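K.L.:
Quick one: the structure is below, and I'll ask about it shortly.
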Amino acid sequence: MATGGCLCGAVRYEVNGPLRDVLLCHCVECRRWHGHVSASTAVTRDDLVLTQDRGLRWFRSPGSDAGARRGFCVECGSSLFWDAPGRATISIAAGTLDGRTGLRLAGHWYVSEASDYYELPDDGLPHHERSGAREGRATTAS
Ligand SMILES: [Zn+2]
Ligand SMILES: [Zn+2]
């Protein structure tokens, strides 16, 4: 079972199902919110259990074409969750997972919105102009 949380511990979670491999998102909203490209795994909604939510607050992502809200810790400022209505999964910032994850990078999204201070890597992963994650499916990670 995977666990994770924010920097200060006021948000802690457990994951009781498979984690999707990690997607990098270059969109403007992710870059502003995370401070750089976002790296997110995802789980089926019912598999995410909050074991501490004292610090958790939700912010409506202003330009999200999915109408998503973003979950963060109001005590330490960590960025944790991305949640769009009607999806079976919720996204979790991969950097908030504890210890070794067994996950791999699976692709780049919104490369059309990448900033100019970094080069898009020639890493063999799929590069999508916009979002290709709309199926929101969690796939098994070893
Ligand atoms: Zn915190
Ligand atoms: Zn994004």
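Residue numbers start at 1 in each chain; chains themselves are named A, B, ... in the order of the structure tokens; ligands are numbered from 1 in the order shown.
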Give as a ChimeraX atom specification the residues surrounding ligand 1 up to a distance of 7 Å, considering only C-alpha atoms and all ligand atoms.
P.N.:
/A:6-11,55,73-78
K.L.:
Would you tabulate, counting only C-alpha atoms and all ligand atoms, all residues of chain A that have an atom at most 12 Å from an atom of ligand 2, showing the closest pair of atoms and their distance in Å to one decimal, sorted by chain then ascending number, as a Markdown table?
P.N.:
| residue | atom | partner | partner_atom_place_in_ligand_line | distance |
| --- | --- | --- | --- | --- |
| A:Leu23 | CA | ligand 2 | 1 (Zn) | 9.5 |
| A:Leu24 | CA | ligand 2 | 1 (Zn) | 7.9 |
| A:Cys25 | CA | ligand 2 | 1 (Zn) | 4.5 |
| A:His26 | CA | ligand 2 | 1 (Zn) | 5.7 |
| A:Cys27 | CA | ligand 2 | 1 (Zn) | 4.2 |
| A:Val28 | CA | ligand 2 | 1 (Zn) | 6.6 |
| A:Glu29 | CA | ligand 2 | 1 (Zn) | 5.7 |
| A:Cys30 | CA | ligand 2 | 1 (Zn) | 4.2 |
| A:Arg31 | CA | ligand 2 | 1 (Zn) | 7.1 |
| A:Arg32 | CA | ligand 2 | 1 (Zn) | 9.4 |
| A:Trp33 | CA | ligand 2 | 1 (Zn) | 9.1 |
| A:His34 | CA | ligand 2 | 1 (Zn) | 9.5 |
| A:Gly35 | CA | ligand 2 | 1 (Zn) | 11.6 |
| A:His36 | CA | ligand 2 | 1 (Zn) | 10.1 |
| A:Val37 | CA | ligand 2 | 1 (Zn) | 7.7 |
| A:Ser38 | CA | ligand 2 | 1 (Zn) | 6.6 |
| A:Ala39 | CA | ligand 2 | 1 (Zn) | 9.1 |
| A:Ser40 | CA | ligand 2 | 1 (Zn) | 9.4 |
| A:Ser61 | CA | ligand 2 | 1 (Zn) | 10.1 |
| A:Gly63 | CA | ligand 2 | 1 (Zn) | 10.4 |
| A:Ser64 | CA | ligand 2 | 1 (Zn) | 8.5 |
| A:Asp65 | CA | ligand 2 | 1 (Zn) | 10.3 |
| A:Ala66 | CA | ligand 2 | 1 (Zn) | 10.5 |
| A:Ala68 | CA | ligand 2 | 1 (Zn) | 10.4 |
| A:Arg69 | CA | ligand 2 | 1 (Zn) | 11.8 |
| A:Arg70 | CA | ligand 2 | 1 (Zn) | 10.9 |
| A:Phe81 | CA | ligand 2 | 1 (Zn) | 11.8 |
| A:Trp82 | CA | ligand 2 | 1 (Zn) | 9.3 |
| A:Asp83 | CA | ligand 2 | 1 (Zn) | 11.8 |
| A:Ser91 | CA | ligand 2 | 1 (Zn) | 10.9 |
| A:Ala93 | CA | ligand 2 | 1 (Zn) | 11.3 |
| A:His108 | CA | ligand 2 | 1 (Zn) | 9.8 |
| A:Trp109 | CA | ligand 2 | 1 (Zn) | 7.2 |
| A:Tyr110 | CA | ligand 2 | 1 (Zn) | 6.8 |
| A:Val111 | CA | ligand 2 | 1 (Zn) | 9.6 |
| A:Ser112 | CA | ligand 2 | 1 (Zn) | 11.0 |
| A:Glu113 | CA | ligand 2 | 1 (Zn) | 9.0 |
| A:Ala114 | CA | ligand 2 | 1 (Zn) | 9.9 |
| A:His128 | CA | ligand 2 | 1 (Zn) | 11.7 |
| A:Glu129 | CA | ligand 2 | 1 (Zn) | 11.5 |
| A:Arg130 | CA | ligand 2 | 1 (Zn) | 8.9 |
| A:Ser131 | CA | ligand 2 | 1 (Zn) | 8.0 |
| A:Gly132 | CA | ligand 2 | 1 (Zn) | 11.1 |
| A:Ala133 | CA | ligand 2 | 1 (Zn) | 10.5 |
K.L.:
So that I can check the secondary structure, give me every residue of range 1-47 of chain A assigned helix (DSSP H, G or I) by backbone DSSP, as a PyMOL selection string.
P.N.:
chain A and resi 28-34+45-47
K.L.:
Write the residues of the selection above to a file with C-alpha atoms, as a PDB file, in the first residue's frame.
P.N.:
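This is the output file again14.pdb:
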ATOM      1  CA  VAL A  28       0.420  27.052 -17.493  1.00  0.00           C
ATOM      2  CA  GLU A  29      -1.826  26.174 -14.556  1.00  0.00           C
ATOM      3  CA  CYS A  30       0.326  23.246 -13.436  1.00  0.00           C
ATOM      4  CA  ARG A  31       3.492  25.293 -13.807  1.00  0.00           C
ATOM      5  CA  ARG A  32       2.154  28.133 -11.720  1.00  0.00           C
ATOM      6  CA  TRP A  33       0.727  25.870  -9.049  1.00  0.00           C
ATOM      7  CA  HIS A  34       3.665  23.475  -8.710  1.00  0.00           C
ATOM      8  CA  ARG A  45     -11.166   7.773  -6.381  1.00  0.00           C
ATOM      9  CA  ASP A  46     -12.331   5.124  -3.902  1.00  0.00           C
ATOM     10  CA  ASP A  47      -8.748   3.899  -3.443  1.00  0.00           C
TER      11      ASP A  47
END
K.L.:
When you count only C-alpha atoms, which of these residues is closest to Arg20 in chain A: A:Gln52, A:Thr96, A:Thr3, A:Thr101?
P.N.:
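Checking each of A:Gln52, A:Thr96, A:Thr3, A:Thr101 against Arg20 in chain A, counting only C-alpha atoms, the winner is A:Thr101.
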K.L.:
Work out how far CA of Gly107 in chain A is from CA of Arg12 in chain A, in Å to one decimal.
P.N.:
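A separation of 26.7 Å between them.
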